[in-house]
Structures are given as C-alpha cells and as structure tokens.
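Taking it in order: structure first as structure tokens, then the write-up.
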Amino acid sequence: MPTWPCSAPVSMRPDGSGSSRRSLRRQRTRGESTVSLTTLDRGSRTYVAGHRGLVGGAILRHLQRLGFTDLVTRTSSELDLRDPVAVEQFFAEQRPATVVVAAAKVGGILANSTYPADFLSDNLRIQVNVMDAAARHGATKLLFLGSSCIYPKFAAQPIREDSLLTGPLEPTNDAYAIAKIAGVLQVQALRRQYGLHYISAMPTNLYGPGDNFHPTGSHVLPGLIRRFDEAARSGAPSVTVWGTGTPRREFLHVDDLARACVHLLEHYDEPEPINIGVGEDLSIREIAELVAEVIGFEGVLEFDTTKPDGTPRKLLDVSRIKALGWEPQIGLREGLTDTYRWYREQLAAGAIRAA
C-alpha cells in the first residue's frame, strides 16, 4: 500500500504504535504551520475538476475574474477521472496546489432512479482517484462538493450539518447519496490520517448558465424552464409538472456558489462539511408559477400525482457559512431571468437541441 502524502511519508503499523505514530504527529504539525486561512495565491496552480459542468464552469469563471493565472482543466475526453492510472499520471505531472472537486455524475429523479449503479460506481471512482492523487502529489488545499440531497429524507428543517447519517435517505437518489457521503468521509479521513487541509461543502439545489436542460435527465428548475419555454412558443394550453407541487426547495444561483467556494477555501478549515444555501425555500408549485411568469407562459399548470415528489422539504441551515462572512447576492427572480436568457441564446446557437 503506498504511503502519503506531501512532506514525509507515513508508514503506519497495524496498531498505530511506535515511531510511525510520532511521524504522523510531526507531519500534522508541519501541515498546520505552513497552510493558514489566508487569501489564495492567485499565481499558484489550481485544478478545477469538472470545469465543463454547471458548478465547475461557474467556479472556473469566478477564478478567472479574480485573476488566477495558473488554472488547470481537462475535459472528460482528455482525462477520464474514473481511470486511476490516468488520474495518477495527471497529478504527478501537474502537481496543483489547490484542487476543487466539482466533477460528478449528476441527474434528476428519473436518471437517479434508472441508473443507480452508474451513479454509485462513477462517483465513487472519481472521488477516490482525485482525492487520493491530490494527497499523494502535494495538493495543500482541496474542496470536495457534496450535495444537500445526501441528508436524511426526513431531517429536521432547516437541515444542520450534523444531520448527516442520522436517518434513511431518499430512495430515488440513495445510490448517488451514498457515493457523496463517502466523499465527505474521505475528506475527513485524509485530514485525520495525514493532517491535510481538505474541506467539504454541501450546496443546496443549484441553477444557472451551463445547466443541463435535457428533457428527461435534468433537475427540476432547468426542466421547468425548458417545458414552459416550449409550451409558450408552441401555444400549448397547459404544462404538466411531476408530483403534487407541495415539496419545498431552496435554489442557489451557481455564481453565488462559486463565490462561496473561494470564500471557504480562504476562511474555512474544519473536518465537518458546511452548508451553502440561501436559507429560504418555496413549494414546487410556487417555483413553477415563478418560472411561468418569467418566461411568459399564460396557460394552465397541471400536476401529475402519479410521479414521485422526492424529499418533502430540503432547506439548509446556513448559519455557519454566514458567520464566516458570506451571503448570496442573486435573488431567485433575477437568477431565473438570467438563466432563461442564457438558455434562449444557447438554443438559438444550436448548442441545446430543440424538442
């Protein structure tokens, strides 16, 4: 088994005793003295895994705006993060100082229910490969992004970070949730065993430019935007929404998430995951009505109660990140208008296939 990571290798005995324990203790001291909560070096090498996705793309744009000059990215065709040999070679060559793990296989209720093995296997491999290689090759800071959907289905509202692993998961996305929970625990294990300054965060439901608007594989907001837009342009008399319309969700614009990620890398260094959200939610019916209003759809809203609702409510307690000085800046109506404008531009350019 290879030993890690950055400064001195650690070879632990099975019982954790002897000189290996003292070596580990010295390594932790060195790590804590050399990495502090300060402004990130804009000239140090930073790797954004998953930069083509909604989250990774927003983080990359934000880092560029902040003046980071050594940003490293790879498309999935250039680097398959599920391939441990390829990932190991990439980190050995590039040796980024900071890593943001935004790469993941994601989808809505239908996709998660249909392909649970893919969601479990792909995400586990991506996380293990990237975080283990980052540790082996000297990455001093790393942010792993979990998701609010990995909290228990019936967690007390608003959901605190210590609710994780206290109850059963939502069955429609349990495979994805288990993989992401494993990622959070991997961050904690790397901190505990090697003294690394790695952190994890739990974003709420996200939306914005760069989202997936696939008619069956998208999340709720981009799916609603597409359906209401198609109905408005075709003159359809009604739009059908899955479920009863009663579940409640909060939504965070992805540009606000990107600001939060950099803020956390500069101001947070704890083993516990930290929530990122707005602290307010709406029912699915209210969200659908708002999307219809932004798009200009004037028909009838119908609900297909034979389809699953998912988790009844998923509102995050964001008191910890707000105490660190971060607040969201983009309101939901403003964000929806911005996202719809981007969707129409992409549709006109042929980047999104029309129905």
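Naming scheme: A, B, ... for chains in displayed order of the structure tokens; residues 1 onward per chain; ligands 1 onward as shown.
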
All residues 7 Å or closer to Leu71 (chain A), only C-alpha atoms, same chain fewer than 5 positions away omitted, as a PyMOL selection string
chain A and resi 45-47

Pull N, CA and C atoms from the residues just selected and write them as a PDB file, in the first residue's frame.
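Generated file (out00.pdb):
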```pdb
ATOM      1  N   ARG A  45      -0.851  26.998  -8.806  1.00  0.00           N
ATOM      2  CA  ARG A  45      -1.602  26.142  -9.735  1.00  0.00           C
ATOM      3  C   ARG A  45      -2.872  25.629  -9.078  1.00  0.00           C
ATOM      4  N   THR A  46      -3.992  25.818  -9.759  1.00  0.00           N
ATOM      5  CA  THR A  46      -5.305  25.424  -9.249  1.00  0.00           C
ATOM      6  C   THR A  46      -5.997  24.555 -10.289  1.00  0.00           C
ATOM      7  N   TYR A  47      -6.445  23.390  -9.867  1.00  0.00           N
ATOM      8  CA  TYR A  47      -7.134  22.446 -10.758  1.00  0.00           C
ATOM      9  C   TYR A  47      -8.612  22.400 -10.416  1.00  0.00           C
TER      10      TYR A  47
END
```

Can you pull out every residue from region 22-127 of chain A that DSSP, working from the backbone, puts in helix (DSSP H, G or I), and format the result as a compact mmCIF listing (two decimals) with all heavy atoms, in the first residue's frame?
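Final output, saved to states-v3.txt:
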```txt
# COMPACT_ATOMS: atom_id res chain seq x y z
N ARG A 22 4.60 8.85 15.90
CA ARG A 22 5.31 10.11 16.11
C ARG A 22 5.53 10.82 14.78
O ARG A 22 5.44 12.04 14.69
CB ARG A 22 6.65 9.84 16.82
CG ARG A 22 6.47 9.39 18.27
CD ARG A 22 7.79 9.42 19.00
NE ARG A 22 8.72 8.44 18.46
CZ ARG A 22 8.79 7.18 18.87
NH1 ARG A 22 7.96 6.74 19.79
NH2 ARG A 22 9.68 6.35 18.35
N SER A 23 5.81 10.06 13.71
CA SER A 23 6.00 10.65 12.39
C SER A 23 4.74 11.35 11.92
O SER A 23 4.77 12.45 11.38
CB SER A 23 6.40 9.56 11.38
OG SER A 23 6.47 10.10 10.08
N LEU A 24 3.60 10.68 12.13
CA LEU A 24 2.33 11.28 11.74
C LEU A 24 2.07 12.56 12.52
O LEU A 24 1.63 13.56 11.97
CB LEU A 24 1.19 10.28 11.98
CG LEU A 24 -0.23 10.77 11.68
CD1 LEU A 24 -0.34 11.20 10.24
CD2 LEU A 24 -1.24 9.68 11.99
N ARG A 25 2.36 12.55 13.83
CA ARG A 25 2.13 13.73 14.64
C ARG A 25 3.00 14.90 14.17
O ARG A 25 2.57 16.02 14.09
CB ARG A 25 2.42 13.40 16.11
CG ARG A 25 2.03 14.52 17.06
CD ARG A 25 1.78 14.00 18.46
NE ARG A 25 2.84 13.12 18.91
CZ ARG A 25 2.66 11.87 19.31
NH1 ARG A 25 1.47 11.32 19.28
NH2 ARG A 25 3.69 11.13 19.72
N ARG A 26 4.25 14.62 13.81
CA ARG A 26 5.13 15.69 13.30
C ARG A 26 4.61 16.22 11.98
O ARG A 26 4.65 17.42 11.73
CB ARG A 26 6.55 15.14 13.13
CG ARG A 26 7.29 14.90 14.44
CD ARG A 26 8.77 14.75 14.18
NE ARG A 26 9.04 13.62 13.31
CZ ARG A 26 9.26 12.38 13.74
NH1 ARG A 26 9.20 12.11 15.04
NH2 ARG A 26 9.54 11.40 12.89
N GLN A 27 4.10 15.35 11.13
CA GLN A 27 3.61 15.80 9.83
C GLN A 27 2.41 16.73 9.99
O GLN A 27 2.29 17.74 9.30
CB GLN A 27 3.22 14.59 8.98
CG GLN A 27 2.79 14.98 7.57
CD GLN A 27 2.43 13.76 6.76
OE1 GLN A 27 2.66 12.64 7.20
NE2 GLN A 27 1.90 13.96 5.60
N ARG A 28 1.53 16.40 10.91
CA ARG A 28 0.37 17.25 11.15
C ARG A 28 0.81 18.63 11.62
O ARG A 28 0.28 19.64 11.20
CB ARG A 28 -0.54 16.61 12.20
CG ARG A 28 -1.41 15.49 11.66
CD ARG A 28 -2.23 14.89 12.77
NE ARG A 28 -3.20 13.94 12.22
CZ ARG A 28 -3.84 13.05 12.96
NH1 ARG A 28 -3.61 12.99 14.25
NH2 ARG A 28 -4.70 12.22 12.42
N THR A 29 1.80 18.67 12.49
CA THR A 29 2.30 19.96 12.98
C THR A 29 2.86 20.78 11.84
O THR A 29 2.59 21.97 11.71
CB THR A 29 3.38 19.73 14.05
OG1 THR A 29 2.80 18.97 15.12
CG2 THR A 29 3.87 21.05 14.60
N ARG A 30 3.63 20.15 10.98
CA ARG A 30 4.19 20.89 9.84
C ARG A 30 3.09 21.42 8.94
O ARG A 30 3.10 22.55 8.50
CB ARG A 30 5.13 19.97 9.04
CG ARG A 30 6.49 19.77 9.68
CD ARG A 30 7.45 19.22 8.65
NE ARG A 30 7.01 17.90 8.18
CZ ARG A 30 7.34 16.75 8.77
NH1 ARG A 30 8.06 16.76 9.88
NH2 ARG A 30 6.94 15.60 8.27
N GLY A 31 2.07 20.55 8.67
CA GLY A 31 0.99 20.98 7.79
C GLY A 31 0.24 22.17 8.37
O GLY A 31 -0.05 23.13 7.67
N GLU A 32 -0.05 22.11 9.67
CA GLU A 32 -0.82 23.19 10.28
C GLU A 32 -0.03 24.49 10.34
O GLU A 32 -0.60 25.57 10.34
CB GLU A 32 -1.25 22.75 11.68
CG GLU A 32 -2.32 21.67 11.64
CD GLU A 32 -2.58 21.04 12.98
OE1 GLU A 32 -1.93 21.46 13.96
OE2 GLU A 32 -3.40 20.13 13.06
N SER A 33 1.29 24.43 10.34
CA SER A 33 2.08 25.64 10.43
C SER A 33 2.34 26.27 9.07
O SER A 33 2.66 27.44 8.98
CB SER A 33 3.43 25.33 11.10
OG SER A 33 4.18 24.45 10.30
N THR A 34 2.17 25.47 7.99
CA THR A 34 2.50 26.00 6.67
C THR A 34 1.28 26.40 5.85
O THR A 34 1.39 27.08 4.85
CB THR A 34 3.31 24.97 5.87
OG1 THR A 34 2.54 23.76 5.77
CG2 THR A 34 4.64 24.68 6.54
N LEU A 54 -22.03 22.52 -14.72
CA LEU A 54 -22.66 23.72 -14.17
C LEU A 54 -21.81 24.33 -13.07
O LEU A 54 -21.49 25.52 -13.11
CB LEU A 54 -24.04 23.35 -13.62
CG LEU A 54 -24.77 24.41 -12.80
CD1 LEU A 54 -25.17 25.58 -13.67
CD2 LEU A 54 -26.00 23.79 -12.12
N VAL A 55 -21.41 23.53 -12.09
CA VAL A 55 -20.67 24.03 -10.94
C VAL A 55 -19.23 24.36 -11.31
O VAL A 55 -18.74 25.46 -11.03
CB VAL A 55 -20.72 23.01 -9.79
CG1 VAL A 55 -19.82 23.45 -8.65
CG2 VAL A 55 -22.15 22.81 -9.30
N GLY A 56 -18.54 23.42 -11.93
CA GLY A 56 -17.14 23.64 -12.28
C GLY A 56 -16.95 24.82 -13.21
O GLY A 56 -15.99 25.59 -13.07
N GLY A 57 -17.89 25.00 -14.15
CA GLY A 57 -17.79 26.13 -15.07
C GLY A 57 -17.91 27.46 -14.35
O GLY A 57 -17.18 28.41 -14.65
N ALA A 58 -18.84 27.54 -13.40
CA ALA A 58 -19.01 28.78 -12.64
C ALA A 58 -17.78 29.06 -11.77
O ALA A 58 -17.34 30.21 -11.66
CB ALA A 58 -20.26 28.68 -11.77
N ILE A 59 -17.22 28.02 -11.16
CA ILE A 59 -16.03 28.21 -10.33
C ILE A 59 -14.86 28.67 -11.18
O ILE A 59 -14.11 29.59 -10.79
CB ILE A 59 -15.70 26.91 -9.57
CG1 ILE A 59 -16.79 26.62 -8.54
CG2 ILE A 59 -14.33 27.01 -8.89
CD1 ILE A 59 -16.67 25.26 -7.89
N LEU A 60 -14.69 28.07 -12.35
CA LEU A 60 -13.60 28.47 -13.24
C LEU A 60 -13.75 29.93 -13.66
O LEU A 60 -12.78 30.70 -13.64
CB LEU A 60 -13.57 27.56 -14.47
CG LEU A 60 -12.45 27.83 -15.47
CD1 LEU A 60 -11.09 27.55 -14.85
CD2 LEU A 60 -12.65 26.98 -16.73
N ARG A 61 -14.96 30.35 -14.02
CA ARG A 61 -15.20 31.75 -14.42
C ARG A 61 -14.86 32.69 -13.27
O ARG A 61 -14.26 33.75 -13.48
CB ARG A 61 -16.65 31.94 -14.86
CG ARG A 61 -17.04 31.26 -16.15
CD ARG A 61 -18.39 31.75 -16.65
NE ARG A 61 -19.47 31.54 -15.70
CZ ARG A 61 -20.22 30.45 -15.65
NH1 ARG A 61 -19.98 29.44 -16.47
NH2 ARG A 61 -21.21 30.35 -14.77
N HIS A 62 -15.25 32.31 -12.07
CA HIS A 62 -15.00 33.17 -10.92
C HIS A 62 -13.50 33.28 -10.63
O HIS A 62 -13.00 34.38 -10.33
CB HIS A 62 -15.74 32.63 -9.69
CG HIS A 62 -15.67 33.51 -8.49
ND1 HIS A 62 -16.04 34.85 -8.52
CD2 HIS A 62 -15.26 33.28 -7.21
CE1 HIS A 62 -15.87 35.39 -7.33
NE2 HIS A 62 -15.39 34.46 -6.52
N LEU A 63 -12.79 32.18 -10.71
CA LEU A 63 -11.34 32.21 -10.50
C LEU A 63 -10.66 33.08 -11.56
O LEU A 63 -9.72 33.83 -11.25
CB LEU A 63 -10.78 30.79 -10.55
CG LEU A 63 -11.17 29.87 -9.38
CD1 LEU A 63 -10.72 28.45 -9.66
CD2 LEU A 63 -10.61 30.37 -8.06
N GLN A 64 -11.13 33.01 -12.78
CA GLN A 64 -10.57 33.86 -13.84
C GLN A 64 -10.83 35.33 -13.55
O GLN A 64 -9.94 36.17 -13.73
CB GLN A 64 -11.17 33.46 -15.19
CG GLN A 64 -10.70 32.09 -15.68
CD GLN A 64 -11.50 31.58 -16.88
OE1 GLN A 64 -12.66 31.98 -17.09
NE2 GLN A 64 -10.91 30.70 -17.66
N ARG A 65 -12.03 35.64 -13.08
CA ARG A 65 -12.35 37.03 -12.74
C ARG A 65 -11.49 37.54 -11.59
O ARG A 65 -11.15 38.73 -11.54
CB ARG A 65 -13.83 37.16 -12.38
CG ARG A 65 -14.79 37.10 -13.56
CD ARG A 65 -16.18 37.55 -13.17
NE ARG A 65 -16.81 36.63 -12.22
CZ ARG A 65 -17.60 35.63 -12.56
NH1 ARG A 65 -17.86 35.39 -13.84
NH2 ARG A 65 -18.14 34.86 -11.63
N LEU A 66 -11.14 36.64 -10.68
CA LEU A 66 -10.32 37.03 -9.53
C LEU A 66 -8.84 37.17 -9.88
O LEU A 66 -8.06 37.62 -9.04
CB LEU A 66 -10.47 36.00 -8.40
CG LEU A 66 -11.83 35.96 -7.70
CD1 LEU A 66 -11.88 34.81 -6.70
CD2 LEU A 66 -12.14 37.29 -7.00
N PRO A 84 -7.88 5.30 -12.59
CA PRO A 84 -6.88 5.67 -11.58
C PRO A 84 -5.49 5.89 -12.14
O PRO A 84 -4.76 6.75 -11.64
CB PRO A 84 -6.91 4.48 -10.60
CG PRO A 84 -7.47 3.35 -11.40
CD PRO A 84 -8.43 3.96 -12.36
N VAL A 85 -5.12 5.16 -13.17
CA VAL A 85 -3.78 5.31 -13.76
C VAL A 85 -3.66 6.68 -14.44
O VAL A 85 -2.66 7.40 -14.27
CB VAL A 85 -3.49 4.18 -14.77
CG1 VAL A 85 -2.16 4.42 -15.47
CG2 VAL A 85 -3.49 2.83 -14.07
N ALA A 86 -4.69 7.06 -15.19
CA ALA A 86 -4.67 8.36 -15.88
C ALA A 86 -4.66 9.51 -14.87
O ALA A 86 -3.95 10.51 -15.06
CB ALA A 86 -5.87 8.47 -16.81
N VAL A 87 -5.45 9.38 -13.82
CA VAL A 87 -5.51 10.45 -12.80
C VAL A 87 -4.17 10.57 -12.09
O VAL A 87 -3.67 11.68 -11.83
CB VAL A 87 -6.65 10.18 -11.80
CG1 VAL A 87 -6.62 11.18 -10.66
CG2 VAL A 87 -8.00 10.24 -12.52
N GLU A 88 -3.57 9.44 -11.75
CA GLU A 88 -2.27 9.46 -11.09
C GLU A 88 -1.21 10.15 -11.95
O GLU A 88 -0.43 10.98 -11.47
CB GLU A 88 -1.83 8.02 -10.79
CG GLU A 88 -0.47 7.89 -10.15
CD GLU A 88 -0.42 8.37 -8.72
OE1 GLU A 88 -1.49 8.54 -8.10
OE2 GLU A 88 0.69 8.59 -8.19
N GLN A 89 -1.22 9.85 -13.23
CA GLN A 89 -0.24 10.47 -14.14
C GLN A 89 -0.48 11.98 -14.24
O GLN A 89 0.47 12.77 -14.24
CB GLN A 89 -0.33 9.82 -15.52
CG GLN A 89 0.67 10.39 -16.53
CD GLN A 89 0.57 9.70 -17.88
OE1 GLN A 89 -0.15 8.72 -18.05
NE2 GLN A 89 1.31 10.21 -18.85
N PHE A 90 -1.73 12.37 -14.31
CA PHE A 90 -2.07 13.79 -14.40
C PHE A 90 -1.55 14.56 -13.18
O PHE A 90 -0.90 15.60 -13.31
CB PHE A 90 -3.58 13.97 -14.53
CG PHE A 90 -4.05 15.38 -14.32
CD1 PHE A 90 -3.92 16.32 -15.32
CD2 PHE A 90 -4.63 15.75 -13.12
CE1 PHE A 90 -4.35 17.64 -15.13
CE2 PHE A 90 -5.07 17.06 -12.92
CZ PHE A 90 -4.92 18.00 -13.92
N PHE A 91 -1.81 14.05 -11.99
CA PHE A 91 -1.37 14.75 -10.78
C PHE A 91 0.14 14.72 -10.64
O PHE A 91 0.75 15.68 -10.15
CB PHE A 91 -2.05 14.17 -9.55
CG PHE A 91 -3.39 14.77 -9.26
CD1 PHE A 91 -4.55 14.23 -9.81
CD2 PHE A 91 -3.51 15.90 -8.46
CE1 PHE A 91 -5.79 14.79 -9.56
CE2 PHE A 91 -4.75 16.47 -8.20
CZ PHE A 91 -5.89 15.92 -8.76
N ALA A 92 0.78 13.63 -11.06
CA ALA A 92 2.24 13.56 -10.99
C ALA A 92 2.88 14.61 -11.89
O ALA A 92 3.93 15.18 -11.56
CB ALA A 92 2.71 12.16 -11.40
N GLU A 93 2.24 14.89 -13.02
CA GLU A 93 2.78 15.88 -13.96
C GLU A 93 2.42 17.30 -13.58
O GLU A 93 3.25 18.21 -13.67
CB GLU A 93 2.26 15.58 -15.37
CG GLU A 93 2.77 14.27 -15.97
CD GLU A 93 2.10 13.94 -17.28
OE1 GLU A 93 1.11 14.65 -17.65
OE2 GLU A 93 2.51 12.98 -17.95
N GLN A 94 1.19 17.54 -13.16
CA GLN A 94 0.71 18.90 -12.95
C GLN A 94 0.92 19.42 -11.52
O GLN A 94 1.15 20.61 -11.33
CB GLN A 94 -0.79 18.99 -13.30
CG GLN A 94 -1.10 18.68 -14.74
CD GLN A 94 -0.45 19.68 -15.69
OE1 GLN A 94 -0.37 20.87 -15.40
NE2 GLN A 94 0.01 19.20 -16.84
N ILE A 109 -34.49 13.07 -10.68
CA ILE A 109 -35.12 11.89 -10.08
C ILE A 109 -35.14 10.72 -11.05
O ILE A 109 -34.80 9.59 -10.69
CB ILE A 109 -36.55 12.23 -9.61
CG1 ILE A 109 -36.52 13.11 -8.37
CG2 ILE A 109 -37.33 10.95 -9.30
CD1 ILE A 109 -37.90 13.51 -7.87
N LEU A 110 -35.53 10.96 -12.30
CA LEU A 110 -35.65 9.87 -13.28
C LEU A 110 -34.30 9.21 -13.54
O LEU A 110 -34.17 7.99 -13.52
CB LEU A 110 -36.25 10.38 -14.58
CG LEU A 110 -36.42 9.34 -15.70
CD1 LEU A 110 -37.34 8.22 -15.23
CD2 LEU A 110 -36.95 9.99 -16.98
N ALA A 111 -33.28 10.04 -13.76
CA ALA A 111 -31.95 9.50 -14.05
C ALA A 111 -31.40 8.73 -12.86
O ALA A 111 -30.85 7.62 -13.01
CB ALA A 111 -31.00 10.63 -14.43
N ASN A 112 -31.55 9.27 -11.65
CA ASN A 112 -31.06 8.60 -10.46
C ASN A 112 -31.78 7.28 -10.21
O ASN A 112 -31.16 6.29 -9.78
CB ASN A 112 -31.22 9.50 -9.23
CG ASN A 112 -30.06 10.45 -9.04
OD1 ASN A 112 -29.04 10.08 -8.47
ND2 ASN A 112 -30.20 11.67 -9.53
N SER A 113 -33.07 7.25 -10.48
CA SER A 113 -33.84 6.03 -10.27
C SER A 113 -33.53 4.97 -11.31
O SER A 113 -33.59 3.76 -11.02
CB SER A 113 -35.35 6.35 -10.30
OG SER A 113 -35.70 7.28 -9.31
N THR A 114 -33.19 5.39 -12.51
CA THR A 114 -32.97 4.46 -13.62
C THR A 114 -31.57 3.88 -13.63
O THR A 114 -31.38 2.71 -13.99
CB THR A 114 -33.24 5.17 -14.96
OG1 THR A 114 -34.54 5.78 -14.93
CG2 THR A 114 -33.18 4.18 -16.12
N PRO A 116 -28.97 3.70 -10.93
CA PRO A 116 -28.32 3.83 -9.62
C PRO A 116 -26.90 3.25 -9.59
O PRO A 116 -26.03 3.80 -8.91
CB PRO A 116 -29.26 3.07 -8.68
CG PRO A 116 -29.99 2.11 -9.57
CD PRO A 116 -30.16 2.83 -10.86
N ALA A 117 -26.65 2.16 -10.29
CA ALA A 117 -25.31 1.57 -10.29
C ALA A 117 -24.29 2.51 -10.89
O ALA A 117 -23.17 2.64 -10.40
CB ALA A 117 -25.32 0.24 -11.04
N ASP A 118 -24.68 3.20 -11.99
CA ASP A 118 -23.77 4.15 -12.62
C ASP A 118 -23.47 5.32 -11.69
O ASP A 118 -22.32 5.76 -11.58
CB ASP A 118 -24.38 4.68 -13.93
CG ASP A 118 -24.49 3.61 -15.01
OD1 ASP A 118 -23.89 2.53 -14.82
OD2 ASP A 118 -25.17 3.85 -16.01
N PHE A 119 -24.50 5.83 -11.02
CA PHE A 119 -24.30 6.98 -10.14
C PHE A 119 -23.40 6.61 -8.96
O PHE A 119 -22.57 7.41 -8.53
CB PHE A 119 -25.65 7.52 -9.65
CG PHE A 119 -26.32 8.43 -10.63
CD1 PHE A 119 -27.19 7.94 -11.60
CD2 PHE A 119 -26.07 9.79 -10.61
CE1 PHE A 119 -27.78 8.77 -12.52
CE2 PHE A 119 -26.67 10.64 -11.52
CZ PHE A 119 -27.53 10.13 -12.49
N LEU A 120 -23.56 5.40 -8.44
CA LEU A 120 -22.73 4.96 -7.33
C LEU A 120 -21.30 4.71 -7.78
O LEU A 120 -20.35 5.27 -7.21
CB LEU A 120 -23.32 3.69 -6.71
CG LEU A 120 -22.56 3.10 -5.53
CD1 LEU A 120 -22.61 4.04 -4.33
CD2 LEU A 120 -23.14 1.75 -5.14
N SER A 121 -21.13 3.91 -8.80
CA SER A 121 -19.79 3.50 -9.24
C SER A 121 -18.98 4.66 -9.78
O SER A 121 -17.82 4.86 -9.39
CB SER A 121 -19.91 2.41 -10.30
OG SER A 121 -18.64 2.03 -10.79
N ASP A 122 -19.56 5.45 -10.67
CA ASP A 122 -18.81 6.54 -11.29
C ASP A 122 -18.36 7.57 -10.26
O ASP A 122 -17.21 8.03 -10.27
CB ASP A 122 -19.64 7.23 -12.37
CG ASP A 122 -19.77 6.40 -13.63
OD1 ASP A 122 -19.15 5.31 -13.69
OD2 ASP A 122 -20.48 6.81 -14.56
N ASN A 123 -19.26 7.95 -9.37
CA ASN A 123 -18.90 8.98 -8.39
C ASN A 123 -17.89 8.49 -7.37
O ASN A 123 -16.99 9.24 -6.98
CB ASN A 123 -20.17 9.52 -7.72
CG ASN A 123 -20.95 10.46 -8.63
OD1 ASN A 123 -20.39 11.39 -9.18
ND2 ASN A 123 -22.22 10.19 -8.80
N LEU A 124 -18.02 7.25 -6.93
CA LEU A 124 -17.02 6.71 -6.02
C LEU A 124 -15.63 6.73 -6.64
O LEU A 124 -14.65 7.13 -6.02
CB LEU A 124 -17.39 5.29 -5.61
CG LEU A 124 -18.51 5.14 -4.57
CD1 LEU A 124 -18.86 3.66 -4.40
CD2 LEU A 124 -18.11 5.74 -3.23
N ARG A 125 -15.54 6.28 -7.89
CA ARG A 125 -14.24 6.22 -8.54
C ARG A 125 -13.65 7.61 -8.78
O ARG A 125 -12.45 7.83 -8.57
CB ARG A 125 -14.35 5.44 -9.86
CG ARG A 125 -14.51 3.94 -9.65
CD ARG A 125 -14.47 3.19 -10.95
NE ARG A 125 -15.70 3.37 -11.72
CZ ARG A 125 -15.84 2.98 -12.99
NH1 ARG A 125 -14.82 2.44 -13.64
NH2 ARG A 125 -16.98 3.15 -13.62
N ILE A 126 -14.46 8.55 -9.21
CA ILE A 126 -13.98 9.92 -9.43
C ILE A 126 -13.39 10.48 -8.14
O ILE A 126 -12.28 11.01 -8.12
CB ILE A 126 -15.13 10.81 -9.95
CG1 ILE A 126 -15.49 10.44 -11.39
CG2 ILE A 126 -14.74 12.30 -9.87
CD1 ILE A 126 -16.78 11.07 -11.88
N GLN A 127 -14.15 10.36 -7.05
CA GLN A 127 -13.73 10.95 -5.77
C GLN A 127 -12.44 10.32 -5.25
O GLN A 127 -11.49 11.02 -4.88
CB GLN A 127 -14.84 10.77 -4.75
CG GLN A 127 -16.11 11.51 -5.09
CD GLN A 127 -17.33 10.96 -4.38
OE1 GLN A 127 -18.44 11.31 -4.72
NE2 GLN A 127 -17.14 10.09 -3.40
```

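Distance annotation: of A:Ile287, A:Leu265, A:Leu257, A:Val300, the residue with the minimal separation from Gln329 (chain A) is A:Leu257; atom set is only C-alpha atoms.
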
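The nearest approach to Gly325 (chain A) among the residues A:His267, A:Asp70, A:Thr38, A:Ile178, with only C-alpha atoms taken into account, belongs to A:His267.
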
Set the distance at 10 Å and use only C-alpha atoms: which residues neighbour Arg320 (chain A) once local chain neighbours fewer than 2 positions away are removed? I'd like the list as JSON, numbers by chain.
{"A": [160, 161, 274, 275, 276, 317, 318, 322, 323, 324, 325, 326]}
